[in-house]
>>> print(open('model_32.json').read())   # JSON, C-alpha atoms
[["chain", "number", "residue", "atom", "x", "y", "z"],
["Z", 1280, "MET", "CA", -14.30, -72.32, 18.89],
["Z", 1281, "GLU", "CA", -11.96, -75.28, 18.55],
["Z", 1282, "ARG", "CA", -10.96, -76.92, 21.80],
["Z", 1283, "THR", "CA", -7.25, -76.92, 22.58],
["Z", 1284, "CYS", "CA", -5.59, -80.10, 23.80],
["Z", 1285, "LYS", "CA", -2.77, -80.10, 26.34],
["Z", 1286, "GLU", "CA", -0.43, -83.05, 26.14],
["Z", 1287, "LEU", "CA", 0.67, -84.37, 29.53],
["Z", 1288, "ASN", "CA", 3.72, -86.34, 30.56],
["Z", 1289, "LEU", "CA", 3.40, -89.17, 33.06],
["Z", 1290, "ALA", "CA", 4.08, -87.00, 36.11],
["Z", 1291, "GLU", "CA", 1.51, -84.43, 34.99],
["Z", 1292, "LEU", "CA", -1.02, -87.18, 34.27],
["Z", 1293, "CYS", "CA", -0.64, -88.64, 37.74],
["Z", 1294, "HIS", "CA", -0.91, -85.18, 39.32],
["Z", 1295, "TYR", "CA", -4.17, -84.69, 37.44],
["Z", 1296, "LEU", "CA", -5.56, -87.99, 38.72],
["Z", 1297, "LYS", "CA", -4.56, -87.12, 42.28],
["Z", 1298, "THR", "CA", -6.15, -83.68, 42.23],
["Z", 1299, "HIS", "CA", -9.49, -84.59, 40.64],
["Z", 1300, "ASP", "CA", -12.25, -86.99, 41.64],
["Z", 1301, "ASP", "CA", -15.64, -88.50, 40.78],
["Z", 1302, "TYR", "CA", -14.49, -90.08, 37.52],
["Z", 1303, "ILE", "CA", -16.55, -91.57, 34.73],
["Z", 1304, "ILE", "CA", -14.30, -93.61, 32.42],
["Z", 1305, "LEU", "CA", -15.48, -94.06, 28.82],
["Z", 1306, "THR", "CA", -14.50, -96.92, 26.49],
["Z", 1307, "HIS", "CA", -14.85, -97.25, 22.73],
["Z", 1308, "ILE", "CA", -17.57, -98.99, 20.74],
["Z", 1309, "SER", "CA", -17.20, -102.71, 20.05],
["Z", 1310, "PRO", "CA", -15.17, -102.90, 23.26],
["Z", 1311, "ASP", "CA", -12.06, -105.06, 23.23],
["Z", 1312, "GLY", "CA", -9.75, -106.32, 25.92],
["Z", 1313, "ASP", "CA", -7.56, -103.21, 25.96],
["Z", 1314, "THR", "CA", -10.22, -100.54, 26.36],
["Z", 1315, "LEU", "CA", -12.05, -102.63, 28.98],
["Z", 1316, "GLY", "CA", -8.97, -103.87, 30.81],
["Z", 1317, "SER", "CA", -7.53, -100.36, 30.93],
["Z", 1318, "ALA", "CA", -10.78, -98.76, 32.09],
["Z", 1319, "TYR", "CA", -11.54, -101.26, 34.84],
["Z", 1320, "ALA", "CA", -7.96, -101.41, 36.09],
["Z", 1321, "LEU", "CA", -7.80, -97.61, 36.28],
["Z", 1322, "ALA", "CA", -11.18, -97.40, 38.02],
["Z", 1323, "LEU", "CA", -10.16, -99.98, 40.62],
["Z", 1324, "GLY", "CA", -6.85, -98.23, 41.16],
["Z", 1325, "LEU", "CA", -8.55, -94.87, 41.71],
["Z", 1326, "LEU", "CA", -10.97, -96.47, 44.16],
["Z", 1327, "SER", "CA", -7.99, -97.83, 46.10],
["Z", 1328, "ILE", "CA", -6.71, -94.30, 46.80],
["Z", 1329, "GLY", "CA", -10.07, -92.98, 47.91],
["Z", 1330, "LYS", "CA", -11.41, -91.66, 44.62],
["Z", 1331, "LYS", "CA", -14.76, -92.50, 43.00],
["Z", 1332, "ALA", "CA", -14.81, -94.06, 39.53],
["Z", 1333, "PHE", "CA", -16.97, -96.20, 37.27],
["Z", 1334, "VAL", "CA", -16.92, -97.32, 33.65],
["Z", 1335, "VAL", "CA", -19.41, -96.62, 30.85],
["Z", 1336, "CYS", "CA", -19.48, -98.32, 27.44],
["Z", 1337, "ASN", "CA", -21.72, -97.58, 24.47],
["Z", 1338, "ASP", "CA", -22.20, -101.27, 23.66],
["Z", 1339, "GLU", "CA", -23.08, -104.30, 25.72],
["Z", 1340, "ILE", "CA", -19.88, -105.76, 27.11],
["Z", 1341, "PRO", "CA", -19.25, -109.33, 25.85],
["Z", 1342, "HIS", "CA", -19.70, -111.97, 28.54],
["Z", 1343, "LYS", "CA", -16.21, -113.33, 28.00],
["Z", 1344, "TYR", "CA", -14.89, -110.34, 29.97],
["Z", 1345, "ASP", "CA", -17.07, -111.13, 32.98],
["Z", 1346, "TYR", "CA", -14.09, -112.50, 34.91],
["Z", 1347, "PHE", "CA", -12.92, -108.97, 35.64],
["Z", 1348, "VAL", "CA", -15.85, -106.75, 34.60],
["Z", 1349, "LYS", "CA", -18.41, -108.35, 36.91],
["Z", 1350, "ALA", "CA", -15.82, -109.03, 39.58],
["Z", 1351, "ALA", "CA", -15.04, -105.30, 39.72],
["Z", 1352, "ALA", "CA", -18.65, -104.61, 40.81],
["Z", 1353, "LEU", "CA", -18.40, -100.88, 40.07],
["Z", 1354, "LYS", "CA", -21.36, -98.69, 41.03],
["Z", 1355, "SER", "CA", -22.50, -95.51, 39.30],
["Z", 1356, "PHE", "CA", -22.76, -92.10, 41.00],
["Z", 1357, "ASP", "CA", -22.94, -88.41, 40.11],
["Z", 1358, "TYR", "CA", -19.67, -87.87, 38.26],
["Z", 1359, "LYS", "CA", -17.65, -84.69, 37.81],
["Z", 1360, "THR", "CA", -14.67, -85.67, 35.67],
["Z", 1361, "ILE", "CA", -14.91, -87.47, 32.34],
["Z", 1362, "ILE", "CA", -12.01, -89.63, 31.12],
["Z", 1363, "SER", "CA", -11.70, -91.79, 28.01],
["Z", 1364, "VAL", "CA", -9.22, -94.65, 27.65],
["Z", 1365, "ASP", "CA", -8.01, -96.31, 24.44],
["Z", 1366, "VAL", "CA", -10.35, -94.04, 22.45],
["Z", 1367, "ALA", "CA", -8.38, -92.45, 19.61],
["Z", 1368, "ASP", "CA", -11.29, -90.45, 18.20],
["Z", 1369, "ALA", "CA", -14.40, -89.14, 19.98],
["Z", 1370, "LYS", "CA", -16.49, -90.64, 17.18],
["Z", 1371, "LEU", "CA", -15.57, -94.06, 18.60],
["Z", 1372, "LEU", "CA", -17.80, -93.33, 21.57],
["Z", 1373, "GLY", "CA", -20.80, -94.31, 19.46],
["Z", 1374, "SER", "CA", -24.10, -93.09, 20.84],
["Z", 1375, "LEU", "CA", -22.25, -91.52, 23.79],
["Z", 1376, "TYR", "CA", -20.64, -89.01, 21.42],
["Z", 1377, "GLU", "CA", -23.26, -86.29, 21.65],
["Z", 1378, "LYS", "CA", -23.49, -86.47, 25.43],
["Z", 1379, "TYR", "CA", -19.78, -86.56, 26.26],
["Z", 1380, "SER", "CA", -17.54, -85.65, 23.31],
["Z", 1381, "ASP", "CA", -17.08, -81.96, 24.18],
["Z", 1382, "LYS", "CA", -16.81, -82.61, 27.92],
["Z", 1383, "ILE", "CA", -13.93, -85.09, 28.07],
["Z", 1384, "GLU", "CA", -11.29, -83.72, 30.40],
["Z", 1385, "LEU", "CA", -8.65, -86.42, 29.94],
["Z", 1386, "ASN", "CA", -7.84, -89.02, 27.29],
["Z", 1387, "ILE", "CA", -5.30, -91.81, 27.93],
["Z", 1388, "ASP", "CA", -4.29, -93.57, 24.74],
["Z", 1389, "HIS", "CA", -1.59, -95.27, 22.66],
["Z", 1390, "HIS", "CA", -2.89, -94.76, 19.11],
["Z", 1391, "ILE", "CA", -0.65, -92.69, 16.85],
["Z", 1392, "SER", "CA", -3.79, -91.56, 14.99],
["Z", 1393, "ASN", "CA", -5.26, -89.89, 18.10],
["Z", 1394, "THR", "CA", -7.31, -86.83, 17.08],
["Z", 1395, "ARG", "CA", -6.58, -84.86, 20.30],
["Z", 1396, "TYR", "CA", -10.23, -84.23, 21.07],
["Z", 1397, "ALA", "CA", -9.90, -84.12, 24.88],
["Z", 1398, "LYS", "CA", -8.86, -81.15, 27.00],
["Z", 1399, "ASN", "CA", -5.86, -83.12, 28.25],
["Z", 1400, "LEU", "CA", -4.10, -86.03, 26.56],
["Z", 1401, "TYR", "CA", -1.60, -88.61, 27.72],
["Z", 1402, "LEU", "CA", -0.38, -90.42, 24.61],
["Z", 1403, "ASP", "CA", 2.30, -93.11, 24.49],
["Z", 1404, "ALA", "CA", 2.40, -94.26, 20.88],
["Z", 1405, "ALA", "CA", 5.27, -96.62, 21.70],
["Z", 1406, "ALA", "CA", 3.11, -98.61, 24.11],
["Z", 1407, "SER", "CA", 1.75, -101.89, 22.79],
["Z", 1408, "ALA", "CA", -1.57, -101.24, 24.55],
["Z", 1409, "THR", "CA", -3.22, -98.55, 26.61],
["Z", 1410, "ALA", "CA", -3.00, -101.06, 29.46],
["Z", 1411, "GLU", "CA", 0.76, -100.43, 29.44],
["Z", 1412, "CYS", "CA", 0.03, -96.74, 30.10],
["Z", 1413, "ILE", "CA", -2.29, -97.67, 32.97],
["Z", 1414, "TYR", "CA", 0.41, -99.91, 34.45],
["Z", 1415, "ASP", "CA", 2.81, -96.94, 34.34],
["Z", 1416, "ILE", "CA", 0.24, -94.90, 36.28],
["Z", 1417, "PHE", "CA", 0.09, -97.56, 38.98],
["Z", 1418, "THR", "CA", 3.88, -97.56, 39.24],
["Z", 1419, "GLU", "CA", 4.21, -93.77, 39.27],
["Z", 1420, "MET", "CA", 1.43, -93.27, 41.84],
["Z", 1421, "ASN", "CA", 2.46, -96.32, 43.90],
["Z", 1422, "MET", "CA", -1.08, -97.67, 43.74],
["Z", 1423, "GLN", "CA", -1.64, -101.22, 44.90],
["Z", 1424, "ILE", "CA", -2.06, -103.82, 42.16],
["Z", 1425, "THR", "CA", -4.46, -106.58, 43.19],
["Z", 1426, "PRO", "CA", -4.87, -109.90, 41.36],
["Z", 1427, "LEU", "CA", -8.05, -108.52, 39.74],
["Z", 1428, "ILE", "CA", -6.31, -105.36, 38.53],
["Z", 1429, "ALA", "CA", -3.37, -107.41, 37.25],
["Z", 1430, "THR", "CA", -5.77, -109.67, 35.36],
["Z", 1431, "ALA", "CA", -7.49, -106.70, 33.72],
["Z", 1432, "LEU", "CA", -4.14, -105.19, 32.72],
["Z", 1433, "TYR", "CA", -2.86, -108.51, 31.38],
["Z", 1434, "THR", "CA", -6.03, -108.90, 29.32],
["Z", 1435, "GLY", "CA", -5.49, -105.49, 27.76],
["Z", 1436, "ILE", "CA", -1.90, -106.18, 26.83],
["Z", 1437, "ALA", "CA", -2.46, -109.76, 25.64],
["Z", 1438, "THR", "CA", -5.41, -108.89, 23.38],
["Z", 1439, "ASP", "CA", -3.79, -105.85, 21.77],
["Z", 1440, "THR", "CA", -0.62, -107.81, 21.00],
["Z", 1441, "GLY", "CA", -2.34, -110.93, 19.67],
["Z", 1442, "CYS", "CA", -1.02, -112.87, 22.66],
["Z", 1443, "PHE", "CA", 2.40, -111.22, 22.22],
["Z", 1444, "LYS", "CA", 2.66, -112.10, 18.51],
["Z", 1445, "TYR", "CA", 2.30, -108.68, 16.86],
["Z", 1446, "SER", "CA", 5.03, -106.24, 15.90],
["Z", 1447, "ASN", "CA", 3.91, -103.72, 18.56],
["Z", 1448, "VAL", "CA", 5.45, -105.94, 21.28],
["Z", 1449, "THR", "CA", 8.53, -104.43, 22.94],
["Z", 1450, "PRO", "CA", 10.87, -105.55, 25.72],
["Z", 1451, "LYS", "CA", 8.80, -103.34, 28.06],
["Z", 1452, "THR", "CA", 5.67, -105.27, 27.08],
["Z", 1453, "HIS", "CA", 7.20, -108.55, 28.24],
["Z", 1454, "LEU", "CA", 8.62, -106.99, 31.40],
["Z", 1455, "ILE", "CA", 5.21, -105.64, 32.42],
["Z", 1456, "ALA", "CA", 3.58, -109.00, 31.69],
["Z", 1457, "ALA", "CA", 6.22, -110.70, 33.82],
["Z", 1458, "GLU", "CA", 5.49, -108.32, 36.70],
["Z", 1459, "LEU", "CA", 1.76, -109.02, 36.41],
["Z", 1460, "TYR", "CA", 2.42, -112.76, 36.78],
["Z", 1461, "LYS", "CA", 3.73, -112.00, 40.28],
["Z", 1462, "TYR", "CA", 0.19, -111.09, 41.38],
["Z", 1463, "GLY", "CA", -1.12, -114.59, 40.78],
["Z", 1464, "ILE", "CA", -2.99, -114.04, 37.52],
["Z", 1465, "ASP", "CA", -4.21, -117.09, 35.63],
["Z", 1466, "ALA", "CA", -2.69, -116.08, 32.30],
["Z", 1467, "ALA", "CA", -3.31, -119.49, 30.75],
["Z", 1468, "GLU", "CA", -7.04, -119.20, 31.42],
["Z", 1469, "VAL", "CA", -7.17, -115.62, 30.10],
["Z", 1470, "ASN", "CA", -5.41, -116.72, 26.92],
["Z", 1471, "ARG", "CA", -7.74, -119.69, 26.53],
["Z", 1472, "VAL", "CA", -10.83, -117.50, 26.79],
["Z", 1473, "MET", "CA", -9.45, -114.71, 24.61],
["Z", 1474, "PHE", "CA", -7.72, -116.71, 21.86],
["Z", 1475, "ASP", "CA", -8.65, -120.39, 21.90],
["Z", 1476, "THR", "CA", -12.41, -120.39, 22.51],
["Z", 1477, "LYS", "CA", -15.09, -119.95, 19.84],
["Z", 1478, "SER", "CA", -18.82, -120.49, 20.00],
["Z", 1479, "LYS", "CA", -20.58, -122.85, 17.59],
["Z", 1480, "ASN", "CA", -22.26, -119.78, 16.10],
["Z", 1481, "ARG", "CA", -18.86, -118.23, 15.43],
["Z", 1482, "ILE", "CA", -17.71, -121.37, 13.61],
["Z", 1483, "GLU", "CA", -20.82, -121.24, 11.42],
["Z", 1484, "LEU", "CA", -20.13, -117.58, 10.68],
["Z", 1485, "GLU", "CA", -16.50, -118.22, 9.75],
["Z", 1486, "LYS", "CA", -17.61, -120.85, 7.23],
["Z", 1487, "MET", "CA", -19.76, -118.23, 5.50],
["Z", 1488, "VAL", "CA", -17.10, -115.53, 5.77],
["Z", 1489, "LEU", "CA", -14.48, -117.69, 4.07],
["Z", 1490, "GLU", "CA", -16.85, -118.19, 1.15],
["Z", 1491, "THR", "CA", -16.71, -114.42, 0.55],
["Z", 1492, "ALA", "CA", -12.91, -114.40, 0.30],
["Z", 1493, "GLU", "CA", -11.56, -112.20, -2.49],
["Z", 1494, "PHE", "CA", -7.85, -112.10, -3.33],
["Z", 1495, "LEU", "CA", -6.67, -108.80, -4.78],
["Z", 1496, "PHE", "CA", -3.45, -107.19, -5.97],
["Z", 1497, "ASP", "CA", -1.60, -110.32, -7.03],
["Z", 1498, "GLU", "CA", -3.04, -112.20, -4.04],
["Z", 1499, "ARG", "CA", -1.28, -109.86, -1.62],
["Z", 1500, "CYS", "CA", -4.61, -108.65, -0.23],
["Z", 1501, "LEU", "CA", -7.45, -110.76, 1.15],
["Z", 1502, "MET", "CA", -10.90, -109.22, 1.60],
["Z", 1503, "LEU", "CA", -13.55, -110.86, 3.78],
["Z", 1504, "THR", "CA", -17.16, -109.73, 4.23],
["Z", 1505, "VAL", "CA", -19.65, -110.17, 7.06],
["Z", 1506, "THR", "CA", -23.20, -109.06, 6.24],
["Z", 1507, "SER", "CA", -26.15, -108.64, 8.58],
["Z", 1508, "GLU", "CA", -27.78, -111.61, 6.87],
["Z", 1509, "MET", "CA", -24.78, -113.80, 7.71],
["Z", 1510, "GLN", "CA", -24.84, -112.65, 11.34],
["Z", 1511, "GLU", "CA", -28.55, -113.43, 11.61],
["Z", 1512, "LYS", "CA", -28.22, -116.80, 9.90],
["Z", 1513, "SER", "CA", -25.34, -117.89, 12.15],
["Z", 1514, "GLY", "CA", -26.89, -116.48, 15.30],
["Z", 1515, "CYS", "CA", -23.84, -114.33, 15.96],
["Z", 1516, "GLU", "CA", -24.00, -110.98, 17.73],
["Z", 1517, "GLN", "CA", -21.64, -108.06, 17.15],
["Z", 1518, "SER", "CA", -19.49, -109.23, 20.06],
["Z", 1519, "ASP", "CA", -18.93, -112.56, 18.27],
["Z", 1520, "LEU", "CA", -17.26, -110.77, 15.37],
["Z", 1521, "GLU", "CA", -14.14, -109.82, 17.31],
["Z", 1522, "GLY", "CA", -11.14, -111.47, 15.72],
["Z", 1523, "VAL", "CA", -12.61, -111.94, 12.25],
["Z", 1524, "ALA", "CA", -10.16, -109.33, 10.97],
["Z", 1525, "ALA", "CA", -7.26, -111.50, 12.11],
["Z", 1526, "ILE", "CA", -8.25, -114.45, 9.90],
["Z", 1527, "SER", "CA", -6.52, -112.96, 6.87],
["Z", 1528, "ARG", "CA", -3.24, -112.48, 8.77],
["Z", 1529, "SER", "CA", -2.64, -116.22, 8.66],
["Z", 1530, "VAL", "CA", -2.80, -116.58, 4.87],
["Z", 1531, "GLU", "CA", 0.57, -117.03, 3.21],
["Z", 1532, "GLY", "CA", 1.62, -114.15, 0.98],
["Z", 1533, "VAL", "CA", -1.03, -111.72, 2.23],
["Z", 1534, "LEU", "CA", 0.31, -108.30, 3.24],
["Z", 1535, "CYS", "CA", -3.07, -106.66, 3.77],
["Z", 1536, "GLY", "CA", -6.16, -108.27, 5.27],
["Z", 1537, "VAL", "CA", -9.47, -106.44, 4.93],
["Z", 1538, "SER", "CA", -12.62, -107.36, 6.81],
["Z", 1539, "ILE", "CA", -15.89, -105.56, 6.08],
["Z", 1540, "LYS", "CA", -18.58, -105.99, 8.74],
["Z", 1541, "GLN", "CA", -22.07, -104.62, 8.32],
["Z", 1542, "SER", "CA", -23.32, -102.88, 11.48],
["Z", 1543, "GLU", "CA", -26.46, -101.19, 10.11],
["Z", 1544, "PRO", "CA", -28.19, -100.89, 6.74],
["Z", 1545, "ASP", "CA", -25.62, -99.23, 4.46],
["Z", 1546, "VAL", "CA", -23.11, -98.85, 7.32],
["Z", 1547, "TYR", "CA", -19.95, -101.00, 7.38],
["Z", 1548, "LYS", "CA", -17.04, -101.20, 9.78],
["Z", 1549, "VAL", "CA", -13.81, -101.88, 7.93],
["Z", 1550, "SER", "CA", -10.79, -103.40, 9.68],
["Z", 1551, "LEU", "CA", -7.31, -103.60, 8.17],
["Z", 1552, "ARG", "CA", -4.46, -105.81, 9.27],
["Z", 1553, "THR", "CA", -1.17, -105.21, 7.47],
["Z", 1554, "TYR", "CA", 2.43, -106.31, 7.40],
["Z", 1555, "PRO", "CA", 5.37, -104.01, 6.55],
["Z", 1556, "PRO", "CA", 5.79, -101.96, 4.51],
["Z", 1557, "LEU", "CA", 2.06, -101.24, 4.36],
["Z", 1558, "ASP", "CA", 0.66, -98.85, 6.97],
["Z", 1559, "ALA", "CA", -2.90, -99.70, 8.04],
["Z", 1560, "SER", "CA", -3.32, -96.43, 9.93],
["Z", 1561, "ARG", "CA", -2.33, -94.38, 6.92],
["Z", 1562, "ILE", "CA", -4.68, -96.28, 4.61],
["Z", 1563, "CYS", "CA", -7.65, -95.96, 6.97],
["Z", 1564, "GLY", "CA", -6.73, -92.33, 7.64],
["Z", 1565, "THR", "CA", -7.54, -91.49, 4.02],
["Z", 1566, "LEU", "CA", -11.06, -92.80, 4.70],
["Z", 1567, "GLY", "CA", -11.66, -90.95, 7.96],
["Z", 1568, "GLY", "CA", -10.42, -93.69, 10.27],
["Z", 1569, "GLY", "CA", -7.17, -94.55, 12.00],
["Z", 1570, "GLY", "CA", -5.39, -96.87, 14.38],
["Z", 1571, "HIS", "CA", -1.95, -98.46, 14.35],
["Z", 1572, "VAL", "CA", 0.61, -99.18, 11.66],
["Z", 1573, "SER", "CA", -0.38, -102.85, 11.55],
["Z", 1574, "ALA", "CA", -4.03, -102.64, 12.64],
["Z", 1575, "ALA", "CA", -6.55, -99.90, 11.91],
["Z", 1576, "GLY", "CA", -10.15, -99.32, 10.94],
["Z", 1577, "CYS", "CA", -12.76, -96.96, 9.59],
["Z", 1578, "THR", "CA", -16.52, -96.76, 9.08],
["Z", 1579, "LEU", "CA", -17.93, -96.37, 5.57],
["Z", 1580, "GLU", "CA", -21.48, -95.76, 4.40],
["Z", 1581, "GLY", "CA", -23.26, -96.82, 1.25],
["Z", 1582, "SER", "CA", -23.89, -100.07, -0.55],
["Z", 1583, "LEU", "CA", -21.54, -102.99, -0.04],
["Z", 1584, "GLU", "CA", -20.28, -102.55, -3.59],
["Z", 1585, "LYS", "CA", -19.49, -98.88, -2.91],
["Z", 1586, "VAL", "CA", -17.70, -99.69, 0.33],
["Z", 1587, "LYS", "CA", -15.64, -102.41, -1.34],
["Z", 1588, "ALA", "CA", -14.69, -100.02, -4.14],
["Z", 1589, "GLU", "CA", -13.56, -97.33, -1.67],
["Z", 1590, "ILE", "CA", -11.41, -99.59, 0.46],
["Z", 1591, "THR", "CA", -10.01, -101.37, -2.60],
["Z", 1592, "ALA", "CA", -8.97, -98.02, -4.10],
["Z", 1593, "ALA", "CA", -7.26, -96.96, -0.86],
["Z", 1594, "VAL", "CA", -5.41, -100.26, -0.50],
["Z", 1595, "GLY", "CA", -4.53, -100.23, -4.19],
["Z", 1596, "LYS", "CA", -2.94, -96.80, -3.84],
["Z", 1597, "ALA", "CA", -0.79, -98.09, -0.99],
["Z", 1598, "PHE", "CA", 0.33, -101.09, -3.05],
["Z", 1599, "ASN", "CA", 1.10, -98.84, -6.03],
["Z", 1600, "GLU", "CA", 3.30, -96.63, -3.85],
["Z", 1601, "TYR", "CA", 5.03, -99.69, -2.44],
["Z", 1602, "ASP", "CA", 5.60, -101.16, -5.90],
["Z", 1603, "ALA", "CA", 6.92, -97.83, -7.19],
["Z", 1604, "ARG", "CA", 9.45, -97.63, -4.36],
["Z", 1605, "THR", "CA", 10.49, -101.24, -4.96],
["Z", 1606, "ILE", "CA", 11.15, -100.54, -8.64],
["Z", 1607, "ALA", "CA", 13.07, -97.36, -7.79],
["Z", 1608, "ASP", "CA", 15.26, -99.26, -5.35]]
>>> encode(input="model_32.json", output="structure tokens")
Amino acid sequence: MERTCKELNLAELCHYLKTHDDYIILTHISPDGDTLGSAYALALGLLSIGKKAFVVCNDEIPHKYDYFVKAAALKSFDYKTIISVDVADAKLLGSLYEKYSDKIELNIDHHISNTRYAKNLYLDAAASATAECIYDIFTEMNMQITPLIATALYTGIATDTGCFKYSNVTPKTHLIAAELYKYGIDAAEVNRVMFDTKSKNRIELEKMVLETAEFLFDERCLMLTVTSEMQEKSGCEQSDLEGVAAISRSVEGVLCGVSIKQSEPDVYKVSLRTYPPLDASRICGTLGGGGHVSAAGCTLEGSLEKVKAEITAAVGKAFNEYDARTIAD
């Protein structure tokens, strides 16, 4: 029997959080600043009003997030209520899927491609990051924001907006960031760690990645590939690959950047970064994935050649539709 999903407004969401307890908060695989910042901020907020909460992630959390993850010092316990944050599809729970996917009571998210897998859903597709949704919870429930919580929230917003450069940024995004500054966050240091710092291994990997560059569709699409062999040769771990997808965004004339990263033998994670009028979420949706209009992803299986052919066909269809509309206009 298919599970029904009830969509909550902000008041209903906050009522739910007030009337339940003993929370486990799940994040998505390959954790980024938004899923982690949102989860840890929410957990700390719930602790501040007398609830119990801790965070669980399928993957090892990159050390660059230690400044709020370790500082939070959350401790596990026997949980009752399962929440997921910034997880658009239960499949993004990774190895936690089988254990938790059919038991998630509440999902808080901002992805328009959300599959509505949880019993209850709070979805704000207009939010630049799930961290914006968590900030709204703090405001609605009048929960205290500490410098640590503010730092976690700022990390979530900054990373999901490319340091406020992406098209998902709204006036509300800047207003929330401005409020978070009032709590004494070191935004400059967060931005340095998140956007301006790379390991030597990452530099070596980028050199190899750029050698794989393929320009497609009249050089409007750039495809980059990261194989397991390249990761091993450079000494990079999966956590070092964050941001590779953004490399193609900086190339003049490119409307669609594709990065293909091998995670297992014959398993590849594909990330798309697009500019209008292309819709990354729609393209990845045809391949079983999803995300945002300008940033989305999917997982494909098979040989590298097969994966490249599948994503190339999907992107090509989007360009053909765009070209057809342009001619018609």
>>> residues_around(input="model_32.json", residues="Phe1417 of chain Z", least_positions_apart="6", cutoff="9 Å", atoms="only C-alpha atoms", output="PyMOL selection string")
chain Z and resi 1321+1324+1423-1424
>>> atom_distance(input="model_32.json", atom1="atom CA of Asn1337 of chain Z", atom2="atom CA of Ser1513 of chain Z")
24.0 Å
>>> atom_distance(input="model_32.json", atom1="atom CA of Val1523 of chain Z", atom2="atom CA of Cys1500 of chain Z")
15.2 Å
>>> atom_distance(input="model_32.json", atom1="atom CA of Leu1489 of chain Z", atom2="atom CA of Ala1588 of chain Z")
19.5 Å
>>> closest_residue(input="model_32.json", among="Z:Thr1591, Z:Ser1392, Z:Asn1399, Z:Thr1306", to="Ile1340 of chain Z", atoms="all atoms listed in the file")
Z:Thr1306
>>> closest_residue(input="model_32.json", among="Z:Thr1504, Z:Asn1470, Z:Ser1374, Z:Ser1363", to="Asn1393 of chain Z", atoms="all atoms listed in the file")
Z:Ser1363
>>> closest_residue(input="model_32.json", among="Z:Pro1310, Z:Thr1283, Z:Lys1378, Z:Val1594", to="Tyr1396 of chain Z", atoms="all atoms listed in the file")
Z:Thr1283
>>> closest_residue(input="model_32.json", among="Z:Ala1466, Z:Val1472, Z:Ala1369, Z:Ala1525", to="Gly1441 of chain Z", atoms="all atoms listed in the file")
Z:Ala1525
>>> residues_around(input="model_32.json", residues="Tyr1401 of chain Z", least_positions_apart="5", cutoff="6 Å", atoms="all atoms listed in the file", output="ChimeraX atom specification")
/Z:1286-1287,1387
>>> closest_residue(input="model_32.json", among="Z:Ile1361, Z:Ala1467, Z:Ile1539, Z:Ile1428", to="Asp1301 of chain Z", atoms="all atoms listed in the file")
Z:Ile1361
>>> closest_residue(input="model_32.json", among="Z:Asp1545, Z:Lys1297, Z:Arg1499, Z:Gly1316", to="Asn1421 of chain Z", atoms="all atoms listed in the file")
Z:Lys1297
>>> residues_around(input="model_32.json", residues="Ile1391 of chain Z", least_positions_apart="4", cutoff="8 Å", atoms="only C-alpha atoms", output="PyMOL selection string")
chain Z and resi 1404+1570-1571
>>> closest_atom_pairs(input="model_32.json", of="segment 1413-1440 of chain Z", to="segment 1406-1409 of chain Z", cutoff="12 Å", atoms="only C-alpha atoms", output="JSON lines")
{"residue": "Z:Ile1413", "atom": "CA", "partner": "Z:Thr1409", "partner_atom": "CA", "distance": 6.5}
{"residue": "Z:Tyr1414", "atom": "CA", "partner": "Z:Thr1409", "partner_atom": "CA", "distance": 8.7}
{"residue": "Z:Asp1415", "atom": "CA", "partner": "Z:Thr1409", "partner_atom": "CA", "distance": 9.9}
{"residue": "Z:Ile1416", "atom": "CA", "partner": "Z:Thr1409", "partner_atom": "CA", "distance": 10.9}
{"residue": "Z:Ala1431", "atom": "CA", "partner": "Z:Thr1409", "partner_atom": "CA", "distance": 11.6}
{"residue": "Z:Leu1432", "atom": "CA", "partner": "Z:Thr1409", "partner_atom": "CA", "distance": 9.1}
{"residue": "Z:Tyr1433", "atom": "CA", "partner": "Z:Ala1408", "partner_atom": "CA", "distance": 10.1}
{"residue": "Z:Thr1434", "atom": "CA", "partner": "Z:Ala1408", "partner_atom": "CA", "distance": 10.1}
{"residue": "Z:Gly1435", "atom": "CA", "partner": "Z:Ala1408", "partner_atom": "CA", "distance": 6.6}
{"residue": "Z:Ile1436", "atom": "CA", "partner": "Z:Ala1408", "partner_atom": "CA", "distance": 5.5}
{"residue": "Z:Ala1437", "atom": "CA", "partner": "Z:Ala1408", "partner_atom": "CA", "distance": 8.6}
{"residue": "Z:Thr1438", "atom": "CA", "partner": "Z:Ala1408", "partner_atom": "CA", "distance": 8.6}
{"residue": "Z:Asp1439", "atom": "CA", "partner": "Z:Ala1408", "partner_atom": "CA", "distance": 5.8}
{"residue": "Z:Thr1440", "atom": "CA", "partner": "Z:Ser1407", "partner_atom": "CA", "distance": 6.6}
